[in-house]
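Undergrad: Structure below; questions to follow.
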Amino acid sequence: MDAVVKKLLNESGETFASEAGITLKDQPAALFKLLVLANLLSARISSDIAMAAARELFDAGGGTPRGMRKLTWQERVDALGRGHYVRYDESTASRLGDVADLVQDKYKGDLRRLAVEAGRDPEKAAELLQEFPGIGPTGVDIFCREAQAIWPWLRPYVDGQVRKGAERIGLPSDADRLASQVPDKDLARLSAALVRVARDKKLADAVKAA
């Protein structure tokens, strides 16, 4: 691993899921939390606020489809408000209830069934993910680049934001070549770091100086 990649992983390689307090495993609750996080991060709002809102929702009991459904609309609004996710709080509170309903009703609360229905095909998985309210192409990218840590069939998942970050610091933007820079287990971490680089020129300059 070259110096730039090492520095990147050491200083900026925490996944967004981890930063939001999600211990990502191939288990129903963790996958649902990731879907909620992808939903929140899809809005035009800072990632710090989206992650704070996710933590508040999970602390309130919304970390499973059943738990999210049990929360009243006002309880979801209040949790989002505590995370300062205020501009979109009312519409998001409704949407997350709808997301929980769909996960529970279509997949019996277990998003591993989505992987099975997709035949472990990334394109089909993207189509199914976009059936969830609030998940468009951006949400698919967020979910899949994090989920590749536990779903090997998604690897390498390299979206436009990751490519932009890679180009900014002189790493290859081709998915296979970029993935070859790190062990498979670190690809989600590298992707998260490159998203941060894509959004922060100062960070990119600091990494390039390694």
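Numbering starts fresh at 1 for the residues of each chain in the structure tokens, the chains themselves are lettered A, B, ... in the order given, and ligands are numbered from 1 as they appear.
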Which residues come within 12 Å of Ala118 of chain A, counting only C-alpha atoms, excluding same-chain residues fewer than 4 positions away, as number ranges by chain?
TA: A: 111-114, 122-129, 153-154
Undergrad: For segment 75-142 of chain A versus segment 20-34 of chain A, which residues have an atom no more than 12 Å away, and what is each residue's nearest atom pair and distance in Å rounded to one decimal, using only C-alpha atoms, chain-then-number order, as CSV?
TA:
residue,atom,partner,partner_atom,distance
A:Gly83,CA,A:Ala20,CA,11.5
A:Leu96,CA,A:Phe32,CA,10.9
A:Val99,CA,A:Phe32,CA,9.5
A:Ala100,CA,A:Phe32,CA,8.4
A:Asp101,CA,A:Phe32,CA,11.7
A:Leu102,CA,A:Phe32,CA,11.2
A:Val103,CA,A:Phe32,CA,8.1
A:Gln104,CA,A:Phe32,CA,10.2
A:Tyr107,CA,A:Pro28,CA,10.0
A:Lys108,CA,A:Pro28,CA,9.7
A:Gly109,CA,A:Pro28,CA,6.7
A:Asp110,CA,A:Pro28,CA,4.7
A:Leu111,CA,A:Pro28,CA,6.1
A:Arg112,CA,A:Pro28,CA,6.9
A:Arg113,CA,A:Pro28,CA,9.5
A:Leu114,CA,A:Leu31,CA,10.6
A:Ala115,CA,A:Asp26,CA,10.7
A:Leu129,CA,A:Phe32,CA,11.7
A:Phe132,CA,A:Phe32,CA,11.7
A:Ile135,CA,A:Leu34,CA,11.9
A:Gly139,CA,A:Leu34,CA,10.4
A:Val140,CA,A:Leu34,CA,10.9
A:Asp141,CA,A:Leu34,CA,11.9
A:Ile142,CA,A:Leu34,CA,8.9
Undergrad: How far is it from atom CA of Gln181 of chain A to atom CA of Lys6 of chain A, in Å with one decimal?
TA: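 Value for the atom CA of Gln181 of chain A-atom CA of Lys6 of chain A distance: 9.8 Å.
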Undergrad: Tell me which protein, DNA and RNA residues are within 12 Å of Asp184 of chain A, counting only C-alpha atoms, leaving out same-chain ones fewer than 4 positions away, and put them as JSON, numbers by chain.
TA: {"A": [148, 149, 150, 151, 152, 153, 154, 155, 156, 157, 176, 178, 179, 180, 188, 189, 190, 191]}
Undergrad: Need to verify the contact set: Gly67 of chain A, 9 Å, only C-alpha atoms, exclusion of same-chain residues closer than 6 positions in sequence. Can you return it as a PDB file with N, CA, C and O atoms, in the first residue's frame?
TA:
ATOM      1  N   PHE A  58     -31.812   6.002  16.237  1.00  0.00           N
ATOM      2  CA  PHE A  58     -31.499   4.674  16.760  1.00  0.00           C
ATOM      3  C   PHE A  58     -31.632   4.655  18.282  1.00  0.00           C
ATOM      4  O   PHE A  58     -32.153   3.693  18.858  1.00  0.00           O
ATOM      5  N   ALA A  60     -33.611   6.359  19.969  1.00  0.00           N
ATOM      6  CA  ALA A  60     -35.037   6.443  20.296  1.00  0.00           C
ATOM      7  C   ALA A  60     -35.770   5.126  20.053  1.00  0.00           C
ATOM      8  O   ALA A  60     -36.952   5.008  20.366  1.00  0.00           O
ATOM      9  N   GLY A  61     -35.058   4.156  19.480  1.00  0.00           N
ATOM     10  CA  GLY A  61     -35.677   2.856  19.226  1.00  0.00           C
ATOM     11  C   GLY A  61     -35.938   2.558  17.765  1.00  0.00           C
ATOM     12  O   GLY A  61     -36.525   1.519  17.428  1.00  0.00           O
ATOM     13  N   ALA A 100     -39.740   1.736   6.683  1.00  0.00           N
ATOM     14  CA  ALA A 100     -39.869   0.625   7.637  1.00  0.00           C
ATOM     15  C   ALA A 100     -41.003  -0.309   7.237  1.00  0.00           C
ATOM     16  O   ALA A 100     -40.872  -1.534   7.324  1.00  0.00           O
TER      17      ALA A 100
END
Undergrad: Could you pull the residues within 12 Å of Ala93 of chain A, counting only C-alpha atoms, minus those fewer than 3 positions along the same chain, as a PDB file with all heavy atoms, in the first residue's frame?
TA:
ATOM      1  N   VAL A  36     -31.416   3.444   6.629  1.00  0.00           N
ATOM      2  CA  VAL A  36     -31.858   4.708   7.228  1.00  0.00           C
ATOM      3  C   VAL A  36     -30.789   5.780   7.027  1.00  0.00           C
ATOM      4  O   VAL A  36     -31.076   6.914   6.626  1.00  0.00           O
ATOM      5  CB  VAL A  36     -32.171   4.526   8.725  1.00  0.00           C
ATOM      6  CG1 VAL A  36     -32.394   5.886   9.408  1.00  0.00           C
ATOM      7  CG2 VAL A  36     -33.401   3.643   8.909  1.00  0.00           C
ATOM      8  N   ASN A  39     -30.677   7.026   3.541  1.00  0.00           N
ATOM      9  CA  ASN A  39     -31.814   7.911   3.319  1.00  0.00           C
ATOM     10  C   ASN A  39     -31.506   9.314   3.830  1.00  0.00           C
ATOM     11  O   ASN A  39     -31.731  10.316   3.135  1.00  0.00           O
ATOM     12  CB  ASN A  39     -33.042   7.328   4.029  1.00  0.00           C
ATOM     13  CG  ASN A  39     -34.338   7.689   3.348  1.00  0.00           C
ATOM     14  OD1 ASN A  39     -34.642   8.858   3.220  1.00  0.00           O
ATOM     15  ND2 ASN A  39     -35.098   6.681   2.929  1.00  0.00           N
ATOM     16  N   LEU A  40     -30.972   9.402   5.034  1.00  0.00           N
ATOM     17  CA  LEU A  40     -30.689  10.701   5.640  1.00  0.00           C
ATOM     18  C   LEU A  40     -29.559  11.424   4.908  1.00  0.00           C
ATOM     19  O   LEU A  40     -29.604  12.649   4.723  1.00  0.00           O
ATOM     20  CB  LEU A  40     -30.315  10.514   7.108  1.00  0.00           C
ATOM     21  CG  LEU A  40     -31.417   9.965   8.020  1.00  0.00           C
ATOM     22  CD1 LEU A  40     -30.860   9.659   9.400  1.00  0.00           C
ATOM     23  CD2 LEU A  40     -32.583  10.935   8.124  1.00  0.00           C
ATOM     24  N   ALA A  53     -28.454  12.746  13.284  1.00  0.00           N
ATOM     25  CA  ALA A  53     -29.880  12.416  13.252  1.00  0.00           C
ATOM     26  C   ALA A  53     -30.083  10.911  13.286  1.00  0.00           C
ATOM     27  O   ALA A  53     -30.993  10.406  13.963  1.00  0.00           O
ATOM     28  CB  ALA A  53     -30.523  13.009  12.003  1.00  0.00           C
ATOM     29  N   ALA A  54     -29.236  10.173  12.568  1.00  0.00           N
ATOM     30  CA  ALA A  54     -29.331   8.706  12.586  1.00  0.00           C
ATOM     31  C   ALA A  54     -29.126   8.181  13.999  1.00  0.00           C
ATOM     32  O   ALA A  54     -29.882   7.321  14.481  1.00  0.00           O
ATOM     33  CB  ALA A  54     -28.302   8.108  11.635  1.00  0.00           C
ATOM     34  N   LEU A  57     -32.220   8.775  16.097  1.00  0.00           N
ATOM     35  CA  LEU A  57     -33.297   7.848  15.745  1.00  0.00           C
ATOM     36  C   LEU A  57     -33.048   6.463  16.326  1.00  0.00           C
ATOM     37  O   LEU A  57     -33.962   5.828  16.863  1.00  0.00           O
ATOM     38  CB  LEU A  57     -33.430   7.755  14.220  1.00  0.00           C
ATOM     39  CG  LEU A  57     -34.144   8.912  13.530  1.00  0.00           C
ATOM     40  CD1 LEU A  57     -33.824   8.915  12.039  1.00  0.00           C
ATOM     41  CD2 LEU A  57     -35.658   8.828  13.744  1.00  0.00           C
ATOM     42  N   GLY A  62     -35.485   3.449  16.887  1.00  0.00           N
ATOM     43  CA  GLY A  62     -35.756   3.272  15.461  1.00  0.00           C
ATOM     44  C   GLY A  62     -34.695   2.519  14.695  1.00  0.00           C
ATOM     45  O   GLY A  62     -34.523   2.731  13.490  1.00  0.00           O
ATOM     46  N   MET A  68     -38.867   1.339  14.245  1.00  0.00           N
ATOM     47  CA  MET A  68     -39.176   2.589  13.536  1.00  0.00           C
ATOM     48  C   MET A  68     -40.686   2.738  13.377  1.00  0.00           C
ATOM     49  O   MET A  68     -41.236   3.843  13.500  1.00  0.00           O
ATOM     50  CB  MET A  68     -38.493   2.594  12.161  1.00  0.00           C
ATOM     51  CG  MET A  68     -38.612   3.915  11.413  1.00  0.00           C
ATOM     52  SD  MET A  68     -37.680   5.273  12.162  1.00  0.00           S
ATOM     53  CE  MET A  68     -36.015   4.908  11.557  1.00  0.00           C
ATOM     54  N   ARG A  69     -41.364   1.638  13.130  1.00  0.00           N
ATOM     55  CA  ARG A  69     -42.822   1.693  12.985  1.00  0.00           C
ATOM     56  C   ARG A  69     -43.514   2.017  14.302  1.00  0.00           C
ATOM     57  O   ARG A  69     -44.561   2.660  14.325  1.00  0.00           O
ATOM     58  CB  ARG A  69     -43.347   0.355  12.440  1.00  0.00           C
ATOM     59  CG  ARG A  69     -43.203   0.272  10.934  1.00  0.00           C
ATOM     60  CD  ARG A  69     -43.363  -1.097  10.310  1.00  0.00           C
ATOM     61  NE  ARG A  69     -44.424  -1.964  10.744  1.00  0.00           N
ATOM     62  CZ  ARG A  69     -45.065  -2.811   9.934  1.00  0.00           C
ATOM     63  NH1 ARG A  69     -44.790  -2.840   8.642  1.00  0.00           N
ATOM     64  NH2 ARG A  69     -45.972  -3.618  10.375  1.00  0.00           N
ATOM     65  N   LEU A  71     -42.345   3.959  16.633  1.00  0.00           N
ATOM     66  CA  LEU A  71     -42.208   5.381  16.938  1.00  0.00           C
ATOM     67  C   LEU A  71     -43.340   6.147  16.272  1.00  0.00           C
ATOM     68  O   LEU A  71     -43.674   5.883  15.115  1.00  0.00           O
ATOM     69  CB  LEU A  71     -40.873   5.921  16.417  1.00  0.00           C
ATOM     70  CG  LEU A  71     -39.590   5.420  17.075  1.00  0.00           C
ATOM     71  CD1 LEU A  71     -38.383   6.008  16.356  1.00  0.00           C
ATOM     72  CD2 LEU A  71     -39.557   5.775  18.543  1.00  0.00           C
ATOM     73  N   THR A  72     -43.933   7.066  16.982  1.00  0.00           N
ATOM     74  CA  THR A  72     -44.939   7.923  16.349  1.00  0.00           C
ATOM     75  C   THR A  72     -44.245   8.880  15.395  1.00  0.00           C
ATOM     76  O   THR A  72     -43.026   9.096  15.478  1.00  0.00           O
ATOM     77  CB  THR A  72     -45.715   8.737  17.397  1.00  0.00           C
ATOM     78  OG1 THR A  72     -44.805   9.662  18.024  1.00  0.00           O
ATOM     79  CG2 THR A  72     -46.354   7.842  18.439  1.00  0.00           C
ATOM     80  N   TRP A  73     -45.019   9.455  14.513  1.00  0.00           N
ATOM     81  CA  TRP A  73     -44.467  10.449  13.589  1.00  0.00           C
ATOM     82  C   TRP A  73     -43.798  11.569  14.383  1.00  0.00           C
ATOM     83  O   TRP A  73     -42.689  12.005  14.047  1.00  0.00           O
ATOM     84  CB  TRP A  73     -45.596  11.000  12.708  1.00  0.00           C
ATOM     85  CG  TRP A  73     -45.163  12.103  11.795  1.00  0.00           C
ATOM     86  CD1 TRP A  73     -44.564  11.963  10.576  1.00  0.00           C
ATOM     87  CD2 TRP A  73     -45.302  13.515  12.010  1.00  0.00           C
ATOM     88  NE1 TRP A  73     -44.310  13.198  10.019  1.00  0.00           N
ATOM     89  CE2 TRP A  73     -44.753  14.163  10.881  1.00  0.00           C
ATOM     90  CE3 TRP A  73     -45.826  14.284  13.042  1.00  0.00           C
ATOM     91  CZ2 TRP A  73     -44.724  15.554  10.759  1.00  0.00           C
ATOM     92  CZ3 TRP A  73     -45.797  15.673  12.927  1.00  0.00           C
ATOM     93  CH2 TRP A  73     -45.251  16.292  11.793  1.00  0.00           C
ATOM     94  N   GLN A  74     -44.437  12.021  15.457  1.00  0.00           N
ATOM     95  CA  GLN A  74     -43.866  13.118  16.248  1.00  0.00           C
ATOM     96  C   GLN A  74     -42.574  12.691  16.934  1.00  0.00           C
ATOM     97  O   GLN A  74     -41.623  13.488  17.032  1.00  0.00           O
ATOM     98  CB  GLN A  74     -44.878  13.598  17.302  1.00  0.00           C
ATOM     99  CG  GLN A  74     -44.433  14.870  18.039  1.00  0.00           C
ATOM    100  CD  GLN A  74     -44.235  16.044  17.102  1.00  0.00           C
ATOM    101  OE1 GLN A  74     -45.138  16.413  16.345  1.00  0.00           O
ATOM    102  NE2 GLN A  74     -43.036  16.646  17.119  1.00  0.00           N
ATOM    103  N   GLU A  75     -42.503  11.442  17.382  1.00  0.00           N
ATOM    104  CA  GLU A  75     -41.261  10.956  18.006  1.00  0.00           C
ATOM    105  C   GLU A  75     -40.118  10.926  16.992  1.00  0.00           C
ATOM    106  O   GLU A  75     -38.965  11.230  17.333  1.00  0.00           O
ATOM    107  CB  GLU A  75     -41.481   9.566  18.604  1.00  0.00           C
ATOM    108  CG  GLU A  75     -42.300   9.592  19.901  1.00  0.00           C
ATOM    109  CD  GLU A  75     -42.698   8.216  20.376  1.00  0.00           C
ATOM    110  OE1 GLU A  75     -42.811   7.285  19.531  1.00  0.00           O
ATOM    111  OE2 GLU A  75     -42.913   8.054  21.595  1.00  0.00           O
ATOM    112  N   ARG A  76     -40.436  10.576  15.734  1.00  0.00           N
ATOM    113  CA  ARG A  76     -39.400  10.613  14.702  1.00  0.00           C
ATOM    114  C   ARG A  76     -38.982  12.048  14.412  1.00  0.00           C
ATOM    115  O   ARG A  76     -37.788  12.338  14.267  1.00  0.00           O
ATOM    116  CB  ARG A  76     -39.893   9.911  13.429  1.00  0.00           C
ATOM    117  CG  ARG A  76     -40.052   8.411  13.581  1.00  0.00           C
ATOM    118  CD  ARG A  76     -40.188   7.707  12.248  1.00  0.00           C
ATOM    119  NE  ARG A  76     -41.447   7.971  11.584  1.00  0.00           N
ATOM    120  CZ  ARG A  76     -42.546   7.222  11.707  1.00  0.00           C
ATOM    121  NH1 ARG A  76     -42.537   6.154  12.494  1.00  0.00           N
ATOM    122  NH2 ARG A  76     -43.646   7.524  11.047  1.00  0.00           N
ATOM    123  N   VAL A  77     -39.955  12.958  14.336  1.00  0.00           N
ATOM    124  CA  VAL A  77     -39.645  14.380  14.122  1.00  0.00           C
ATOM    125  C   VAL A  77     -38.750  14.888  15.254  1.00  0.00           C
ATOM    126  O   VAL A  77     -37.751  15.594  15.020  1.00  0.00           O
ATOM    127  CB  VAL A  77     -40.934  15.226  14.038  1.00  0.00           C
ATOM    128  CG1 VAL A  77     -40.615  16.732  14.105  1.00  0.00           C
ATOM    129  CG2 VAL A  77     -41.689  14.926  12.746  1.00  0.00           C
ATOM    130  N   ASP A  78     -39.085  14.543  16.483  1.00  0.00           N
ATOM    131  CA  ASP A  78     -38.318  15.012  17.639  1.00  0.00           C
ATOM    132  C   ASP A  78     -36.881  14.489  17.600  1.00  0.00           C
ATOM    133  O   ASP A  78     -35.927  15.220  17.919  1.00  0.00           O
ATOM    134  CB  ASP A  78     -38.998  14.584  18.939  1.00  0.00           C
ATOM    135  CG  ASP A  78     -40.322  15.311  19.179  1.00  0.00           C
ATOM    136  OD1 ASP A  78     -40.577  16.337  18.503  1.00  0.00           O
ATOM    137  OD2 ASP A  78     -41.110  14.837  20.034  1.00  0.00           O
ATOM    138  N   ALA A  79     -36.726  13.206  17.238  1.00  0.00           N
ATOM    139  CA  ALA A  79     -35.381  12.629  17.157  1.00  0.00           C
ATOM    140  C   ALA A  79     -34.561  13.334  16.077  1.00  0.00           C
ATOM    141  O   ALA A  79     -33.383  13.666  16.289  1.00  0.00           O
ATOM    142  CB  ALA A  79     -35.467  11.125  16.859  1.00  0.00           C
ATOM    143  N   LEU A  80     -35.178  13.583  14.931  1.00  0.00           N
ATOM    144  CA  LEU A  80     -34.482  14.298  13.857  1.00  0.00           C
ATOM    145  C   LEU A  80     -34.113  15.707  14.307  1.00  0.00           C
ATOM    146  O   LEU A  80     -33.019  16.207  14.007  1.00  0.00           O
ATOM    147  CB  LEU A  80     -35.368  14.352  12.605  1.00  0.00           C
ATOM    148  CG  LEU A  80     -35.591  13.014  11.904  1.00  0.00           C
ATOM    149  CD1 LEU A  80     -36.748  13.115  10.912  1.00  0.00           C
ATOM    150  CD2 LEU A  80     -34.326  12.558  11.171  1.00  0.00           C
ATOM    151  N   GLY A  81     -34.996  16.329  15.051  1.00  0.00           N
ATOM    152  CA  GLY A  81     -34.731  17.669  15.555  1.00  0.00           C
ATOM    153  C   GLY A  81     -33.550  17.691  16.515  1.00  0.00           C
ATOM    154  O   GLY A  81     -32.724  18.612  16.475  1.00  0.00           O
ATOM    155  N   TYR A  85     -31.567  17.930  12.239  1.00  0.00           N
ATOM    156  CA  TYR A  85     -31.989  17.619  10.868  1.00  0.00           C
ATOM    157  C   TYR A  85     -33.352  18.287  10.676  1.00  0.00           C
ATOM    158  O   TYR A  85     -34.377  17.636  10.533  1.00  0.00           O
ATOM    159  CB  TYR A  85     -32.101  16.096  10.729  1.00  0.00           C
ATOM    160  CG  TYR A  85     -32.094  15.540   9.323  1.00  0.00           C
ATOM    161  CD1 TYR A  85     -30.905  15.116   8.738  1.00  0.00           C
ATOM    162  CD2 TYR A  85     -33.265  15.384   8.591  1.00  0.00           C
ATOM    163  CE1 TYR A  85     -30.891  14.552   7.473  1.00  0.00           C
ATOM    164  CE2 TYR A  85     -33.263  14.828   7.325  1.00  0.00           C
ATOM    165  CZ  TYR A  85     -32.064  14.413   6.773  1.00  0.00           C
ATOM    166  OH  TYR A  85     -32.049  13.866   5.519  1.00  0.00           O
ATOM    167  N   VAL A  86     -33.358  19.614  10.722  1.00  0.00           N
ATOM    168  CA  VAL A  86     -34.624  20.318  10.877  1.00  0.00           C
ATOM    169  C   VAL A  86     -35.294  20.729   9.576  1.00  0.00           C
ATOM    170  O   VAL A  86     -36.517  20.802   9.499  1.00  0.00           O
ATOM    171  CB  VAL A  86     -34.452  21.564  11.784  1.00  0.00           C
ATOM    172  CG1 VAL A  86     -34.185  21.119  13.212  1.00  0.00           C
ATOM    173  CG2 VAL A  86     -33.305  22.443  11.302  1.00  0.00           C
ATOM    174  N   ARG A  87     -34.512  20.979   8.532  1.00  0.00           N
ATOM    175  CA  ARG A  87     -35.139  21.473   7.309  1.00  0.00           C
ATOM    176  C   ARG A  87     -36.042  20.427   6.661  1.00  0.00           C
ATOM    177  O   ARG A  87     -37.023  20.746   6.009  1.00  0.00           O
ATOM    178  CB  ARG A  87     -34.046  21.896   6.315  1.00  0.00           C
ATOM    179  CG  ARG A  87     -34.584  22.673   5.126  1.00  0.00           C
ATOM    180  CD  ARG A  87     -33.534  23.442   4.358  1.00  0.00           C
ATOM    181  NE  ARG A  87     -32.188  22.920   4.428  1.00  0.00           N
ATOM    182  CZ  ARG A  87     -31.354  22.916   3.389  1.00  0.00           C
ATOM    183  NH1 ARG A  87     -31.748  23.364   2.218  1.00  0.00           N
ATOM    184  NH2 ARG A  87     -30.124  22.477   3.515  1.00  0.00           N
ATOM    185  N   TYR A  88     -35.692  19.150   6.861  1.00  0.00           N
ATOM    186  CA  TYR A  88     -36.442  18.069   6.222  1.00  0.00           C
ATOM    187  C   TYR A  88     -37.123  17.165   7.245  1.00  0.00           C
ATOM    188  O   TYR A  88     -37.503  16.037   6.929  1.00  0.00           O
ATOM    189  CB  TYR A  88     -35.503  17.211   5.365  1.00  0.00           C
ATOM    190  CG  TYR A  88     -34.712  17.970   4.334  1.00  0.00           C
ATOM    191  CD1 TYR A  88     -33.382  18.306   4.550  1.00  0.00           C
ATOM    192  CD2 TYR A  88     -35.304  18.358   3.132  1.00  0.00           C
ATOM    193  CE1 TYR A  88     -32.651  19.002   3.588  1.00  0.00           C
ATOM    194  CE2 TYR A  88     -34.581  19.047   2.172  1.00  0.00           C
ATOM    195  CZ  TYR A  88     -33.259  19.367   2.408  1.00  0.00           C
ATOM    196  OH  TYR A  88     -32.536  20.059   1.465  1.00  0.00           O
ATOM    197  N   ASP A  89     -37.265  17.628   8.492  1.00  0.00           N
ATOM    198  CA  ASP A  89     -37.661  16.704   9.548  1.00  0.00           C
ATOM    199  C   ASP A  89     -39.052  16.102   9.353  1.00  0.00           C
ATOM    200  O   ASP A  89     -39.246  14.896   9.527  1.00  0.00           O
ATOM    201  CB  ASP A  89     -37.537  17.354  10.932  1.00  0.00           C
ATOM    202  CG  ASP A  89     -38.304  18.671  11.043  1.00  0.00           C
ATOM    203  OD1 ASP A  89     -38.800  19.174  10.010  1.00  0.00           O
ATOM    204  OD2 ASP A  89     -38.406  19.201  12.171  1.00  0.00           O
ATOM    205  N   GLU A  90     -40.022  16.905   8.951  1.00  0.00           N
ATOM    206  CA  GLU A  90     -41.396  16.380   8.872  1.00  0.00           C
ATOM    207  C   GLU A  90     -41.556  15.391   7.722  1.00  0.00           C
ATOM    208  O   GLU A  90     -42.129  14.319   7.886  1.00  0.00           O
ATOM    209  CB  GLU A  90     -42.386  17.541   8.767  1.00  0.00           C
ATOM    210  CG  GLU A  90     -42.398  18.411  10.021  1.00  0.00           C
ATOM    211  CD  GLU A  90     -43.522  19.441  10.011  1.00  0.00           C
ATOM    212  OE1 GLU A  90     -44.254  19.521   9.004  1.00  0.00           O
ATOM    213  OE2 GLU A  90     -43.655  20.154  11.019  1.00  0.00           O
ATOM    214  N   LEU A  96     -39.476   7.786   6.566  1.00  0.00           N
ATOM    215  CA  LEU A  96     -38.844   6.672   7.277  1.00  0.00           C
ATOM    216  C   LEU A  96     -39.864   5.664   7.785  1.00  0.00           C
ATOM    217  O   LEU A  96     -39.574   4.468   7.862  1.00  0.00           O
ATOM    218  CB  LEU A  96     -37.983   7.204   8.429  1.00  0.00           C
ATOM    219  CG  LEU A  96     -36.717   7.959   8.003  1.00  0.00           C
ATOM    220  CD1 LEU A  96     -35.998   8.523   9.213  1.00  0.00           C
ATOM    221  CD2 LEU A  96     -35.784   7.063   7.189  1.00  0.00           C
ATOM    222  N   GLY A  97     -41.048   6.144   8.113  1.00  0.00           N
ATOM    223  CA  GLY A  97     -42.125   5.216   8.458  1.00  0.00           C
ATOM    224  C   GLY A  97     -42.499   4.353   7.273  1.00  0.00           C
ATOM    225  O   GLY A  97     -42.708   3.135   7.406  1.00  0.00           O
ATOM    226  N   ASP A  98     -42.536   4.966   6.079  1.00  0.00           N
ATOM    227  CA  ASP A  98     -42.861   4.213   4.865  1.00  0.00           C
ATOM    228  C   ASP A  98     -41.754   3.212   4.525  1.00  0.00           C
ATOM    229  O   ASP A  98     -42.026   2.098   4.070  1.00  0.00           O
ATOM    230  CB  ASP A  98     -43.067   5.175   3.692  1.00  0.00           C
ATOM    231  CG  ASP A  98     -44.292   6.061   3.864  1.00  0.00           C
ATOM    232  OD1 ASP A  98     -45.204   5.688   4.637  1.00  0.00           O
ATOM    233  OD2 ASP A  98     -44.344   7.141   3.229  1.00  0.00           O
ATOM    234  N   VAL A  99     -40.507   3.628   4.732  1.00  0.00           N
ATOM    235  CA  VAL A  99     -39.378   2.723   4.490  1.00  0.00           C
ATOM    236  C   VAL A  99     -39.475   1.497   5.403  1.00  0.00           C
ATOM    237  O   VAL A  99     -39.316   0.354   4.957  1.00  0.00           O
ATOM    238  CB  VAL A  99     -38.037   3.462   4.716  1.00  0.00           C
ATOM    239  CG1 VAL A  99     -36.868   2.463   4.776  1.00  0.00           C
ATOM    240  CG2 VAL A  99     -37.798   4.481   3.608  1.00  0.00           C
ATOM    241  N   ALA A 100     -39.740   1.736   6.683  1.00  0.00           N
ATOM    242  CA  ALA A 100     -39.869   0.625   7.637  1.00  0.00           C
ATOM    243  C   ALA A 100     -41.003  -0.309   7.237  1.00  0.00           C
ATOM    244  O   ALA A 100     -40.872  -1.534   7.324  1.00  0.00           O
ATOM    245  CB  ALA A 100     -40.096   1.183   9.044  1.00  0.00           C
ATOM    246  N   PRO A 133     -38.826   4.781  -0.498  1.00  0.00           N
ATOM    247  CA  PRO A 133     -38.993   6.235  -0.556  1.00  0.00           C
ATOM    248  C   PRO A 133     -37.728   6.937  -0.076  1.00  0.00           C
ATOM    249  O   PRO A 133     -37.150   6.561   0.948  1.00  0.00           O
ATOM    250  CB  PRO A 133     -40.163   6.501   0.403  1.00  0.00           C
ATOM    251  CG  PRO A 133     -40.913   5.209   0.470  1.00  0.00           C
ATOM    252  CD  PRO A 133     -39.881   4.136   0.326  1.00  0.00           C
ATOM    253  N   GLY A 134     -37.292   7.915  -0.844  1.00  0.00           N
ATOM    254  CA  GLY A 134     -36.119   8.698  -0.459  1.00  0.00           C
ATOM    255  C   GLY A 134     -34.797   8.140  -0.933  1.00  0.00           C
ATOM    256  O   GLY A 134     -33.754   8.776  -0.760  1.00  0.00           O
TER     257      GLY A 134
END
Undergrad: In Å to one decimal, how far is atom CA of Glu131 of chain A from atom CA of Ser47 of chain A?
TA: 22.9 Å
Undergrad: Can you work out which one of A:Leu37, A:Ala3, A:Leu9, A:Ala50 has the shortest atom-to-atom distance to Cys144 of chain A, counting only C-alpha atoms?
TA: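 That would be A:Leu37, the residue with the smallest distance to Cys144 of chain A.
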Undergrad: What does the distance between atom CA of Pro183 of chain A and atom CA of Gly13 of chain A come to in Å, to one decimal place?
TA: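 Calculated distance between atom CA of Pro183 of chain A and atom CA of Gly13 of chain A is 13.3 Å.
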Undergrad: Enumerate as an NGL selection string all residues of segment 16-124 of chain A assigned to helix (DSSP H, G or I) by DSSP on the backbone, naming them with the chain letters and numbers the document uses.
TA: :A and (16-19 or 28-41 or 47-59 or 65-70 or 73-82 or 89-107 or 112-117 or 122-124)
